[in-house]
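Notes follow the structure.
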Amino acid sequence: MIYELRIYAAIPGKLPALNERFAKITMGYFKKYGMKMVGFWTDEIGTTNCLTYILAFDDMAQRDKAWDGFRADPERAKAFAESEKDGPLVAHVTNTIMRPTAYSPLQ
């Protein structure tokens, strides 16, 4: 099992719209492409314009196939474009692929 940690730095003032897009659009496409959602978080203290989430995959091949399908989906692309009709929501994304240690409770 591998885990993908993604941190989206929202454009100032756009975090509510980004959260709405995840709740109403993105999560459905994650399910469609077999992406296992571990959790989603926003910052309570510290940088307050970030959405952090973790996805779980069996291996890199499954991850790559899932993301390729997600990115190529024309309906998803149309929905994302509509969500950004007033401008982009995300300034930048930080992405990390993690493998659990042998002693990690989460495998």
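Letters for chains follow the order of the structure tokens (A, B, ...), residue numbers begin at 1 for each chain, and ligand numbers begin at 1 in the order shown.
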query = DSSP says strand (DSSP E) for which residues of chain A? Put them as a PyMOL selection string?
reply = chain A and resi 2-10+36-42+50-57+90-98
Keeping only N, CA and C atoms, write those residues as a short mmCIF file (atom, residue, chain, number, x, y, z; two decimals), in the first residue's frame.
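Result file selection-v4.cif:
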```
data_model
loop_
_atom_site.label_atom_id
_atom_site.label_comp_id
_atom_site.auth_asym_id
_atom_site.auth_seq_id
_atom_site.Cartn_x
_atom_site.Cartn_y
_atom_site.Cartn_z
N ILE A 2 0.49 2.23 -0.78
CA ILE A 2 1.17 3.53 -0.76
C ILE A 2 0.12 4.60 -0.48
N TYR A 3 0.58 5.71 0.02
CA TYR A 3 -0.29 6.83 0.34
C TYR A 3 0.22 8.07 -0.37
N GLU A 4 -0.71 8.85 -0.88
CA GLU A 4 -0.37 10.10 -1.54
C GLU A 4 -0.90 11.25 -0.70
N LEU A 5 0.02 12.08 -0.24
CA LEU A 5 -0.31 13.28 0.52
C LEU A 5 -0.30 14.45 -0.45
N ARG A 6 -1.41 15.18 -0.50
CA ARG A 6 -1.50 16.33 -1.39
C ARG A 6 -1.95 17.54 -0.58
N ILE A 7 -1.27 18.65 -0.77
CA ILE A 7 -1.61 19.90 -0.09
C ILE A 7 -1.88 20.94 -1.17
N TYR A 8 -3.09 21.46 -1.17
CA TYR A 8 -3.50 22.48 -2.13
C TYR A 8 -3.50 23.83 -1.42
N ALA A 9 -2.67 24.74 -1.88
CA ALA A 9 -2.68 26.11 -1.39
C ALA A 9 -3.69 26.88 -2.24
N ALA A 10 -4.79 27.24 -1.62
CA ALA A 10 -5.85 27.94 -2.34
C ALA A 10 -5.47 29.40 -2.59
N LYS A 36 -8.85 5.52 -3.10
CA LYS A 36 -9.32 5.33 -1.73
C LYS A 36 -9.00 6.59 -0.92
N MET A 37 -10.04 7.23 -0.44
CA MET A 37 -9.87 8.48 0.29
C MET A 37 -9.65 8.18 1.78
N VAL A 38 -8.49 8.61 2.30
CA VAL A 38 -8.17 8.40 3.71
C VAL A 38 -8.75 9.54 4.54
N GLY A 39 -8.60 10.77 4.09
CA GLY A 39 -9.12 11.90 4.83
C GLY A 39 -8.78 13.23 4.18
N PHE A 40 -9.50 14.26 4.61
CA PHE A 40 -9.34 15.63 4.12
C PHE A 40 -9.28 16.55 5.32
N TRP A 41 -8.40 17.54 5.26
CA TRP A 41 -8.22 18.45 6.39
C TRP A 41 -8.01 19.88 5.89
N THR A 42 -8.45 20.84 6.71
CA THR A 42 -8.05 22.23 6.55
C THR A 42 -7.33 22.62 7.84
N CYS A 50 -5.10 26.27 3.14
CA CYS A 50 -4.70 24.98 2.57
C CYS A 50 -5.75 23.90 2.80
N LEU A 51 -5.87 23.06 1.79
CA LEU A 51 -6.64 21.83 1.88
C LEU A 51 -5.63 20.70 1.75
N THR A 52 -5.60 19.83 2.74
CA THR A 52 -4.68 18.69 2.76
C THR A 52 -5.51 17.42 2.71
N TYR A 53 -5.06 16.46 1.89
CA TYR A 53 -5.76 15.19 1.87
C TYR A 53 -4.80 14.06 1.57
N ILE A 54 -5.25 12.84 1.89
CA ILE A 54 -4.46 11.64 1.66
C ILE A 54 -5.32 10.63 0.91
N LEU A 55 -4.74 10.06 -0.13
CA LEU A 55 -5.35 8.97 -0.89
C LEU A 55 -4.50 7.72 -0.70
N ALA A 56 -5.13 6.54 -0.75
CA ALA A 56 -4.42 5.27 -0.62
C ALA A 56 -4.54 4.49 -1.92
N PHE A 57 -3.45 3.85 -2.30
CA PHE A 57 -3.40 3.03 -3.51
C PHE A 57 -2.70 1.72 -3.21
N VAL A 90 -6.70 27.23 -7.07
CA VAL A 90 -5.48 26.71 -6.45
C VAL A 90 -4.26 27.45 -6.97
N ALA A 91 -3.43 27.92 -6.03
CA ALA A 91 -2.18 28.59 -6.40
C ALA A 91 -1.10 27.57 -6.72
N HIS A 92 -0.99 26.52 -5.88
CA HIS A 92 -0.02 25.45 -6.14
C HIS A 92 -0.35 24.22 -5.32
N VAL A 93 0.20 23.10 -5.76
CA VAL A 93 -0.03 21.81 -5.12
C VAL A 93 1.31 21.21 -4.71
N THR A 94 1.36 20.69 -3.49
CA THR A 94 2.51 19.92 -3.02
C THR A 94 2.06 18.47 -2.95
N ASN A 95 2.89 17.59 -3.48
CA ASN A 95 2.51 16.19 -3.61
C ASN A 95 3.64 15.30 -3.11
N THR A 96 3.29 14.32 -2.26
CA THR A 96 4.27 13.38 -1.73
C THR A 96 3.69 11.98 -1.79
N ILE A 97 4.49 11.01 -2.23
CA ILE A 97 4.09 9.60 -2.19
C ILE A 97 4.82 8.98 -1.01
N MET A 98 4.04 8.30 -0.14
CA MET A 98 4.60 7.74 1.09
C MET A 98 4.31 6.24 1.16
#
```
query = Out of chain A, which residues get helix (DSSP H, G or I) from DSSP, as a ChimeraX atom specification?
reply = /A:15-32,60-72,74-83
N, CA and C atoms of the current selection, written as a compact mmCIF listing (two decimals), in the first residue's frame:
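In the end it all went to out-v2.txt:
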```txt
# COMPACT_ATOMS: atom_id res chain seq x y z
N LEU A 15 -10.63 29.21 -0.66
CA LEU A 15 -10.70 27.92 0.02
C LEU A 15 -12.15 27.41 0.14
N PRO A 16 -13.14 28.25 0.45
CA PRO A 16 -14.51 27.74 0.49
C PRO A 16 -14.96 27.14 -0.86
N ALA A 17 -14.61 27.79 -1.95
CA ALA A 17 -14.97 27.27 -3.28
C ALA A 17 -14.22 25.97 -3.58
N LEU A 18 -12.96 25.87 -3.15
CA LEU A 18 -12.19 24.65 -3.35
C LEU A 18 -12.82 23.50 -2.55
N ASN A 19 -13.18 23.76 -1.30
CA ASN A 19 -13.84 22.73 -0.48
C ASN A 19 -15.17 22.31 -1.10
N GLU A 20 -15.91 23.25 -1.64
CA GLU A 20 -17.18 22.93 -2.29
C GLU A 20 -16.95 22.05 -3.52
N ARG A 21 -15.92 22.36 -4.30
CA ARG A 21 -15.62 21.54 -5.48
C ARG A 21 -15.26 20.12 -5.06
N PHE A 22 -14.45 19.98 -4.01
CA PHE A 22 -14.11 18.63 -3.55
C PHE A 22 -15.36 17.89 -3.10
N ALA A 23 -16.20 18.54 -2.31
CA ALA A 23 -17.39 17.88 -1.76
C ALA A 23 -18.39 17.50 -2.86
N LYS A 24 -18.57 18.37 -3.84
CA LYS A 24 -19.63 18.15 -4.83
C LYS A 24 -19.15 17.52 -6.13
N ILE A 25 -17.86 17.60 -6.44
CA ILE A 25 -17.37 17.11 -7.73
C ILE A 25 -16.23 16.10 -7.57
N THR A 26 -15.14 16.54 -6.96
CA THR A 26 -13.90 15.75 -6.96
C THR A 26 -14.08 14.38 -6.32
N MET A 27 -14.74 14.32 -5.17
CA MET A 27 -14.87 13.05 -4.46
C MET A 27 -15.59 11.99 -5.30
N GLY A 28 -16.57 12.40 -6.07
CA GLY A 28 -17.27 11.46 -6.95
C GLY A 28 -16.35 10.88 -8.00
N TYR A 29 -15.46 11.71 -8.54
CA TYR A 29 -14.51 11.21 -9.54
C TYR A 29 -13.41 10.37 -8.89
N PHE A 30 -13.02 10.71 -7.67
CA PHE A 30 -12.09 9.84 -6.95
C PHE A 30 -12.69 8.44 -6.82
N LYS A 31 -13.96 8.36 -6.43
CA LYS A 31 -14.63 7.06 -6.30
C LYS A 31 -14.69 6.36 -7.65
N LYS A 32 -15.04 7.09 -8.69
CA LYS A 32 -15.17 6.52 -10.03
C LYS A 32 -13.88 5.85 -10.48
N MET A 60 2.03 1.85 -7.20
CA MET A 60 2.20 2.98 -8.12
C MET A 60 1.43 2.77 -9.43
N ALA A 61 1.35 1.53 -9.89
CA ALA A 61 0.62 1.26 -11.13
C ALA A 61 -0.86 1.62 -10.99
N GLN A 62 -1.45 1.23 -9.87
CA GLN A 62 -2.86 1.57 -9.63
C GLN A 62 -3.03 3.08 -9.50
N ARG A 63 -2.10 3.72 -8.81
CA ARG A 63 -2.15 5.18 -8.66
C ARG A 63 -2.11 5.85 -10.03
N ASP A 64 -1.13 5.46 -10.85
CA ASP A 64 -0.98 6.08 -12.16
C ASP A 64 -2.22 5.88 -13.03
N LYS A 65 -2.78 4.68 -13.01
CA LYS A 65 -3.98 4.39 -13.81
C LYS A 65 -5.15 5.25 -13.33
N ALA A 66 -5.31 5.36 -12.01
CA ALA A 66 -6.41 6.15 -11.45
C ALA A 66 -6.27 7.62 -11.84
N TRP A 67 -5.08 8.19 -11.65
CA TRP A 67 -4.89 9.61 -11.97
C TRP A 67 -5.02 9.84 -13.47
N ASP A 68 -4.53 8.92 -14.30
CA ASP A 68 -4.66 9.09 -15.76
C ASP A 68 -6.13 9.15 -16.16
N GLY A 69 -6.95 8.26 -15.61
CA GLY A 69 -8.37 8.28 -15.90
C GLY A 69 -9.04 9.56 -15.41
N PHE A 70 -8.71 9.96 -14.20
CA PHE A 70 -9.25 11.18 -13.60
C PHE A 70 -8.93 12.38 -14.48
N ARG A 71 -7.67 12.52 -14.84
CA ARG A 71 -7.24 13.69 -15.63
C ARG A 71 -7.84 13.71 -17.03
N ALA A 72 -8.06 12.53 -17.62
CA ALA A 72 -8.55 12.45 -19.00
C ALA A 72 -10.08 12.53 -19.09
N PRO A 74 -13.47 13.82 -19.61
CA PRO A 74 -13.97 15.09 -20.13
C PRO A 74 -15.07 15.72 -19.27
N GLU A 75 -15.90 14.91 -18.64
CA GLU A 75 -16.94 15.46 -17.77
C GLU A 75 -16.33 16.11 -16.54
N ARG A 76 -15.28 15.48 -15.99
CA ARG A 76 -14.59 16.06 -14.84
C ARG A 76 -13.94 17.38 -15.23
N ALA A 77 -13.28 17.39 -16.38
CA ALA A 77 -12.63 18.62 -16.85
C ALA A 77 -13.64 19.75 -17.03
N LYS A 78 -14.80 19.42 -17.57
CA LYS A 78 -15.85 20.43 -17.76
C LYS A 78 -16.34 20.96 -16.41
N ALA A 79 -16.56 20.06 -15.45
CA ALA A 79 -17.02 20.47 -14.12
C ALA A 79 -15.98 21.34 -13.43
N PHE A 80 -14.70 20.99 -13.56
CA PHE A 80 -13.63 21.79 -12.96
C PHE A 80 -13.57 23.17 -13.61
N ALA A 81 -13.69 23.21 -14.94
CA ALA A 81 -13.66 24.50 -15.64
C ALA A 81 -14.81 25.40 -15.16
N GLU A 82 -15.98 24.82 -14.99
CA GLU A 82 -17.12 25.58 -14.50
C GLU A 82 -16.87 26.11 -13.09
N SER A 83 -16.20 25.30 -12.25
CA SER A 83 -15.92 25.72 -10.88
C SER A 83 -14.91 26.86 -10.83
```
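With CA of Ile11 in chain A on one side and CA of Thr47 in chain A on the other, the separation reads 12.2 Å.
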ask   = If you measure from CA of Asp43 in chain A to CA of Ala102 in chain A, what distance in Å do you get, rounded to one decimal?
value =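 It comes out at 28.8 Å.
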key: Given only C-alpha atoms as the counted atoms, nearest of A:Glu84, A:Met35, A:Met1, A:Gly46 to Leu106 in chain A   =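 Under the stated criterion, the closest residue is A:Met1.
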